[in-house]
Structures are given as C-alpha cells and as structure tokens.
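*Asks:* The structure under discussion is supplied below as structure tokens; questions concerning it will follow.
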Amino acid sequence: MDFVEQLKSSVDIVNVVGEYVRLRKSSTYRYTGLCPFHSEKTPSFSVHASKQFYHCFGCHAGGDVLKFVMEIEGISFYEALKSLAERYGIPMPKRSLFADEDSRKRAALFQMHELAQENFRANLHGEAGEAARAYLALRGVSAETIEEFGLGYTMAPGRTLVRLFEQQNLAPELWELSGLVGKRQDGSFYDRFRNRLMFPIHNEKGKIIAFGGRSLGDEQPKYLNSPETPIYRKSYVLYNLHRAKDAIRKEDRSILVEGYMDAIGVTAAGFGPVVASCGTSLTTQQVQTLKRHSQRIVVNFDPDAPGAAAAERSIQLLLNESMFVQIMELDGNLDPDEYCKQRGAAAYGERLKDAKGYFYWLADRARARHDVRTTEGVVAVLKALLPAVQRISDRVERMAVAENLAGYIGVERGVVLESFRKSVADRQERTIEQPKETVRADEKGLIHVLFAGGNAPLLDALDEVPILERLATRGIFQAIRAVHASGEEVTFDAVNARIEEHDRVLLAEVLLSEEAETQEPDLEYGQRCLESMRLSGEQLRRSELKAQVKQAERAGNLMEALRLAQELERLERERAATS
C-alpha cells in the first residue's frame, strides 16, 4: 500500500469534513449538510462513511478526503496530504515524491509568518514595546489575552524582518511575495509594518497567514493589513474563526463584529463564537465560510453611523446566502469591546438575548428617517425596506416578513402585502436539464454488492449479462470489469478513477441512495439482482425481435422475417424450459 492509500485508509472523511461542515447523520453510512462549495438553503451535500467519499447533488462537487481538503482550503495535493498526515500523526515519507514548487513556496511563506510572529511577540515584551504595552493596558487587555491572541509589536526601524529572513537563508524573491516586506524602486527591501501593534491573522486551521497592524504614532493608515499573497485571500478570511468555529457550532450562531479589538474584547469577556472581517467590508465568500458552521448570525457593529451603514450593507449579503440574521444594538455609543469592559459581560449577554430580527432593525432606521403618519412617509419606508425583502429567496418567508413589517410600521396589512405582491417577483430558479436515464433497483443493488467485497462469482458472471451495456450505469460496470480484469480489488477509488465525470456523479447518486441501505449487500442479494437483469435483458431482446419481425414483414423481406421469427421461437423455448 503506497503512502496516499495508507493515509486515506487511516483518516475518517466524516471527521475531516465535519470540521468544515455541520453534518447530520441521515442513515447508517450517510451524513448530510449544506454544501460548502455553492450557496444553498436545503442540504444537498452528502458524505458516505463506508465508501469514504463526498458528493453534492446540487453542484456535483465530489471526491475523496484529499480532494475535499484541496478544494475547501485552496491548497495543492501535497499540502493536503501533509496537512492530513500532521493532523492524524501519520509520518510523511522523508523524501516525498509529491512536493511541487508551489507547495514549497507556500511552505516557505508559512515559515516566514511564524518567524515574524516570534519577532513581533518578543518585541512587545522587550524594551521597544513599552508604548504598545501602554496602549493595551489603556484598552484593558490582560496579559492572558495578549498571550492567547498572540499580539505583538513591530519596531520603527524598517529592516528587522529583512535581516531575519537573510539570516534564515530565505530566497529574496519570497520576501516581497510574503506581504511582510516591501521593495523600493532602487531594489532595496524594507519591513512593511513599522511601529505598529500587530494582530496575527490565522486560517481556519490555525496557521498564521497575514497580519493586521495598528499605528501607534502618526503613521497612516491607522490600520494596515497584509496584502493578498499565495496563502492569504482577505475576502475569504475571517479574523478569529479558528478559535470561534467550535463555539459557533455548539451555540448554532456566530457574532460578527467590525474589528480586531472588538473580536478580542468580546471573546475575552467569555463569548466564544465571535469573528470579524479582516479590515474589509463583509464579503460573500466570508458569509459562505460562516454558513458552513451555522446559518444563524448576530451582527454587532459599532453604533455610530459608519457602523450602522456597514451593518445594513452586510444584511443584504447575509440574506443572499439565506442566513438567519439578528442585529445587536449597544447603548451609550460604545463599541462591543468598550461595552464589555464598561458594562460587563452580563450586560453584553442581556443585549445579545434581546437582539432584534434584522427587519425590525431596518424598519427602525427607516422610520427614523420618514414620518409614517403620512402617505409619503409610508411609501418611503416601504421602498427603503423592499430590497431586503426581495433578497429573501423563500416566498413563504418573504410574505411572512412583509406581514410582520405591516404591524411594526403601523399600517394596514393589506397595503404592505399588496405593495410587495406587485414589486417582488417570485424568485424561482428554472434550469433546463437533459432527461436522465432511469437507474433500476437491480442496477443499484448489484453495484452495492460488487463494492462490498467477497463478490468474485458475480464479477466473473458480468460478461454473461449483455443488458449491462444498455443500462444507465454501463460506464460504471465497464470500469468495474476493467478493475477486476487488472487484478485489482474492486473499490470505490479504483472504479471512480476510471470513469468520466457524468458517471462519477451517477456512481455517487447510486451509493448515496436511501434504498442502498435497505438490503444486506451479500452474495445472495447480488445474485438476485444479476438474475433480474438477465431476465430483463431476455425480455428486452424478445420485444425487439417481435418489432423487427413486423418491420421485416412490412418491408416485404420474408427471409429476414423468417430468420428473426425462428430466433424468437428459440428464446421462447429456452424461457419455457427454465421457468
């Protein structure tokens, strides 16, 4: 067994996928959840625990555990292999044949970020970090929190990391690529971050992939973030998610705040499921990342006008992804970090309990701008709320929200409903699909038995069943026979590697079908399926011969009609003899 097969046989795909997707056990071997690769409201993503593969019936993404890690993290085959090996304590071969130039480059970038982090943390606790420590003390950040979040400081002189990377013999062409070092027009290098409080940014697995730096002097901008690099795509990353994801799943909700200090302060107050976007407005990709862990979210942005505007923009994105949205408001013009420190964790918890449904919050904002005692005001409020309601994909939910808004705004229910009926077109996705070939029950049954092992007699008998070449699953059976003929064991991976994409989708659908688990996949069941297919083939041949006899007679080809009739008679005699 080579290393790849050894690793795949040692890793449970359900556990791996379950770190990224909330899975629910739907049958003995099947787990379902929302697909992490496309937006959906109803789960169409399945994982098969026995066959160790995943498949989405919506977007047709599918494959083994390595393919999943590659796709979900956007990494190479080697990196996925190494990641799983490290996670499960499986030693990698000393001289790996799988590493490629891109993987080595990414590994070097991860190393550079770890070196930078060590340096930043040492600076914070050294003489040069006095101003940064004073700022953290002023913000009420404890030593334990500093340690937990890995906060650091980068000094004003601008070549500390450049010298460090030189000492480590890291290639100069990687320095600028890392986003930690800049390059002047004269070709000299300098540290990108100088005299800043440093916040390490992690990927979902907990590896440092970027930094955010807050200015401690007059440097602009106030917050400087790493540029995009081969290991950091800011529109996909949420600050603190690697710590928060377990709490998000446990509580079935996330708390979205605006900045690093808010995420740190609210987490330090005892609230686990807290994340923030990394110096950018919320993106669709970030919402999709959160949705993998929970569809419920509480938005807790700063109470000032920019924070409220950002919350309103975020609501649209969240509704587009079918999230269940609440808005948390804090009094006293305090941001989340300040509120936790001044009012306490208990007060913040009470505010969290009282978080409003998003449409009530939007209605409050609209009512504050318009006088709903006038017709013009009502129309203006409805127009302001219409975009958010339009983005609700489910028609029943959309109309329920419209009805609730009527009572909240204080106008006649019929006025609101009629307005939305005229303005909101039902959003129904209509896709034209090619007619699918029907997969028979005996086809499904036989495939299950063939993958269950101990099936040599059935494999040897496949060539005696001509109808296999005419079934929807003919490509799968051809691959099964080819695997068997080569002397390999008939496994899901071996067969899946030999078939075209449309057959891979079909194989996944067959193996994940509910009826797959209603029968014990033993040899006796397999023989019944094979016999059913053989009899169906004979019946089909007799029907075809009858049609061909009539066609030959109509064409006046009596000799051909006679020959076909004799063949039909022979088949009828054989059927009578065996019945």
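All residue names refer to the structure tokens as shown: chains lettered A, B, ... in order, residues numbered from 1 in each chain, ligands numbered from 1 in order.
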Output as a list in words all residues of region 42-108 of chain A that backbone DSSP marks as helix (DSSP H, G or I).

*Replies:* Val65, Leu66, Lys67, Phe68, Val69, Met70, Glu71, Ile72, Glu73, Phe77, Tyr78, Glu79, Ala80, Leu81, Lys82, Ser83, Leu84, Ala85, Glu86, Arg87, Glu101, Asp102, Ser103, Arg104, Lys105, Arg106, Ala107 and Ala108 of chain A

*Asks:* When DSSP works through the backbone of this structure, what residues of region 98-345 of chain A end up as strand (DSSP E), shown as a PyMOL selection string?

*Replies:* chain A and resi 152-154+181-183+189-191+196-202+208-215+223-225+238-239+254-257+274-277+296-299+324-327

*Asks:* Within 9 Å of region 152-165 of chain A, which residues of region 3-117 of chain A come that close, and what is the closest atom pair and distance in Å for each? Count only C-alpha atoms and give it as a Markdown table.

*Replies:*
| residue | atom | partner | partner_atom | distance |
| --- | --- | --- | --- | --- |
| A:Met112 | CA | A:Phe165 | CA | 7.4 |
| A:Leu115 | CA | A:Leu164 | CA | 8.0 |
| A:Ala116 | CA | A:Leu161 | CA | 6.8 |
| A:Gln117 | CA | A:Gly152 | CA | 7.3 |

*Asks:* May I have the selected residues written with N, CA, C and O atoms, as a CSV table (one decimal), in the first residue's frame?

*Replies:*
chain,number,residue,atom,x,y,z
A,112,MET,N,7.9,32.1,7.1
A,112,MET,CA,8.2,33.5,7.3
A,112,MET,C,7.2,34.1,8.2
A,112,MET,O,7.6,35.0,9.0
A,115,LEU,N,8.2,33.1,11.7
A,115,LEU,CA,9.4,33.9,12.2
A,115,LEU,C,9.0,35.3,12.6
A,115,LEU,O,9.4,35.8,13.6
A,116,ALA,N,8.1,35.9,11.7
A,116,ALA,CA,7.7,37.3,12.0
A,116,ALA,C,6.9,37.3,13.3
A,116,ALA,O,7.1,38.2,14.1
A,117,GLN,N,6.1,36.3,13.5
A,117,GLN,CA,5.3,36.3,14.8
A,117,GLN,C,6.2,36.2,16.0
A,117,GLN,O,5.9,36.9,17.0

*Asks:* Applying 10 Å and only C-alpha atoms, which residues near region 521-535 of chain A remain after dropping the ones on its own chain fewer than 4 positions away? List them as a ChimeraX atom specification.

*Replies:* /A:440-458,461-462,464-468,471,516-517,539-541,575

*Asks:* I'd like to know which of A:Glu130, A:Glu228, A:Glu204, A:Asp463 is closest to Leu241 (chain A), using only C-alpha atoms.

*Replies:* A:Glu204

*Asks:* At what distance in Å, to one decimal, does CA of Gly18 (chain A) lie from CA of Ile248 (chain A)?

*Replies:*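 Separation of CA of Ile248 (chain A) and CA of Gly18 (chain A): 13.3 Å.
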